[in-house]
Protein chains: 2
Amino acid sequence: MFSKSTEYALRAVIYIAKWSSESNKLGIEPIAKAIDSPKSFTAKILQKLTRNNRLILSVTGPNGGFYMTEEAKETSMMKVLMLLEEDHIITKCVLGLQECSETNPCPMHSRYKLIKPLLKDMFESKTIRHLIEELDEENITLGNVLSIGRKQK
Amino acid sequence: MFSKSTEYALRAVIYIAKWSSESNKLGIEPIAKAIDSPKSFTAKILQKLTRNNRLILSVTGPNGGFYMTEEAKETSMMKVLMLLEEDHIITKCVLGLQECSETNPCPMHSRYKLIKPLLKDMFESKTIRHLIEELDEENITLGNVLSIGRKQK
DNA sequence: GACGAAAAAGACAAAAAAATCTTAAAATTT
DNA sequence: AAATTTTAAGATTTTTTTGTCTTTTTCGTC
Ligand code: FES
Ligand code: FES
């Protein structure tokens with residue numbers, strides 16, 4: 001559904017939202033370990049997200065790291081996807097036509113148009129806050145169980 | 001949603017289903033032109049699909065080309081996706097965890113699990129036959145309107 | 001059997017995505 | 001101000017995906 005970068009970004013954002021605050025910043029090392037992603041690559045991705053300071057904030061130096069404000073934690077997943085410029089599930093055509101629309105639909109369109117709004121709604125209605133609440137539930141996770149104890153890159 | 005290869009494959013399959021028969025085979029040239037895809041690349045993709053002779057058939061030589069039997073046109077889109085080994089929308093996790101399941105769900109799972117069956121149903125219930133019938137409707141297309149008259153690669 | 005038309009096969013190239021490594025900058029502590 | 005810790009930036013590499021080109025094989029026709 002999404003590219004690796006986006007998957008890492010989403011997991012990282014949720015993790016940061018869950019465990020950080022203005023007074024408790026998280027380093028890239030623990031983040032990457034927790035969400036089971038390549039460290040430097042994840043750093044790159046987070047850097048991009050800190051650029052406009054809309055979602056994730058960061059400070060350098062000792063006790064520095066990444067964090068989010070309580071306000072930012074209310075952001076919808078749809079907004080996060082837009083920041084990542086990965087909202088194609090909502091915009092693109094199943095068969096890869098240049099645009100998915102009523103004007104020039106593909107043969108799958110009549111069926112897909114019924115599902116697309118549901119997908120969109122899923123990402124619009126879920127905020128980061130909702131997801132970190134899910135993380136309190138039993139079993140729910142951001143890393144791969146299988147990878148526990150695996151060597152970190 | 002899908003890779004370029006898969007998009008080309010799906011469009012090509014639908015096109016072949018629509019315009020070919022045992023007595024009327026289609027060359028790669030007209031196929032690629034109609035679905036607006038790179039010719040040689042599409043040839044590669046179709047070759048893979050003819051390997052097991054399950055969906056598309058081909059013959060070399062004069063009056064040769066690609067075609068489908070009437071029987072094959074009853075194949076569901078889900079089966080086509082499986083032949084292409086691209087059924088990840090149905091199997092993979094939104095956040096990229098190694099598996100999407102109740103055992104070890106991600107925080108999006110509780111919501112996504114409601115939509116996944118709908119997506120699956122969409123591909124399972126639509127057969128190629130259904131899609132070629134759609135193509136009879138006004139406006140419905142497999143190529144890009146914008147690309148009409150564009151130079152072919 | 002030679003010729004031509006088609007797909008099949010395979011080598012190669014380009015572009016994009018994913019990942020790593022190195023150096024710089026920033027901030028804190030001493 | 002030096003040392004340390006952390007992210008930022010950038011260069012580079014690797015892998016995957018996409019695309020092209022050339023040669024081979026197959027088959028029908030003359
Ligand atoms: S046009 Fe193809 S899904 Fe809408
Ligand atoms: S586990 Fe992530 S969507 Fe099911």
# chains A, B, ... in the order shown; residues from 1 in each chain; ligands from 1
>>> interface_residues(of="chain A", to="chain C", cutoff="9 Å", atoms="only C-alpha atoms (C1' of nucleotides)", output="list in words")
Ser3, Lys4, Ser5, Pro38, Ser40, Phe41, Val59, Thr60, Gly61, Pro62, Asn63 and Gly64 of chain A
>>> residues_near_ligand(ligand="ligand 1", cutoff="7 Å", atoms="only C-alpha atoms (C1' of nucleotides) and all ligand atoms", output="PyMOL selection string")
chain A and resi 92-97+99-101+104-109+112-113
>>> select_by_dssp(residues="stretch 59-144 of chain B", states="helix (DSSP H, G or I)", output="PyMOL selection string")
chain B and resi 72-74+77-83+88-91+109-125+128-134
>>> closest_atom_pairs(of="chain A", to="ligand 2", cutoff="12 Å", atoms="only C-alpha atoms and all ligand atoms", output="JSON lines")
{"residue": "A:Met1", "atom": "CA", "partner": "ligand 2", "partner_atom_place_in_ligand_line": "3 (S)", "distance": 10.2}
{"residue": "A:Phe2", "atom": "CA", "partner": "ligand 2", "partner_atom_place_in_ligand_line": "3 (S)", "distance": 11.7}
{"residue": "A:Glu7", "atom": "CA", "partner": "ligand 2", "partner_atom_place_in_ligand_line": "2 (Fe)", "distance": 10.4}
{"residue": "A:Leu10", "atom": "CA", "partner": "ligand 2", "partner_atom_place_in_ligand_line": "2 (Fe)", "distance": 11.4}
{"residue": "A:Arg11", "atom": "CA", "partner": "ligand 2", "partner_atom_place_in_ligand_line": "2 (Fe)", "distance": 10.4}
{"residue": "A:Met122", "atom": "CA", "partner": "ligand 2", "partner_atom_place_in_ligand_line": "3 (S)", "distance": 11.6}
{"residue": "A:Leu131", "atom": "CA", "partner": "ligand 2", "partner_atom_place_in_ligand_line": "2 (Fe)", "distance": 11.4}
{"residue": "A:Glu134", "atom": "CA", "partner": "ligand 2", "partner_atom_place_in_ligand_line": "2 (Fe)", "distance": 11.8}
{"residue": "A:Asn139", "atom": "CA", "partner": "ligand 2", "partner_atom_place_in_ligand_line": "1 (S)", "distance": 10.6}
{"residue": "A:Ile140", "atom": "CA", "partner": "ligand 2", "partner_atom_place_in_ligand_line": "1 (S)", "distance": 8.5}
{"residue": "A:Thr141", "atom": "CA", "partner": "ligand 2", "partner_atom_place_in_ligand_line": "1 (S)", "distance": 8.5}
{"residue": "A:Leu142", "atom": "CA", "partner": "ligand 2", "partner_atom_place_in_ligand_line": "2 (Fe)", "distance": 8.7}
{"residue": "A:Gly143", "atom": "CA", "partner": "ligand 2", "partner_atom_place_in_ligand_line": "1 (S)", "distance": 10.5}
{"residue": "A:Asn144", "atom": "CA", "partner": "ligand 2", "partner_atom_place_in_ligand_line": "1 (S)", "distance": 10.2}
{"residue": "A:Val145", "atom": "CA", "partner": "ligand 2", "partner_atom_place_in_ligand_line": "1 (S)", "distance": 11.8}
>>> closest_atom_pairs(of="chain A", to="chain D", cutoff="12 Å", atoms="only C-alpha atoms (C1' of nucleotides)", output="CSV")
residue,atom,partner,partner_atom,distance
A:Lys25,CA,D:DT6,C1',10.9
A:Leu26,CA,D:DT6,C1',10.3
A:Gly27,CA,D:DT6,C1',7.8
A:Ile28,CA,D:DT7,C1',8.7
A:Glu29,CA,D:DT6,C1',10.8
A:Ser40,CA,D:DT7,C1',11.2
A:Ala43,CA,D:DT7,C1',8.5
A:Lys44,CA,D:DA8,C1',9.0
A:Ile45,CA,D:DA8,C1',11.7
A:Leu46,CA,D:DT7,C1',10.1
A:Gln47,CA,D:DA8,C1',7.4
A:Lys48,CA,D:DA8,C1',10.2
A:Thr50,CA,D:DA8,C1',10.5
A:Arg51,CA,D:DA8,C1',10.3
A:Leu57,CA,D:DT7,C1',10.8
A:Ser58,CA,D:DT7,C1',7.4
A:Val59,CA,D:DT7,C1',6.7
A:Thr60,CA,D:DT7,C1',4.7
A:Gly61,CA,D:DT6,C1',4.0
A:Pro62,CA,D:DT5,C1',4.5
A:Asn63,CA,D:DT6,C1',7.4
A:Gly64,CA,D:DT6,C1',5.8
A:Gly65,CA,D:DT6,C1',6.8
A:Phe66,CA,D:DT7,C1',8.7
>>> atom_distance(atom1="atom CA of A:Glu102", atom2="atom CA of B:Asp121")
21.9 Å
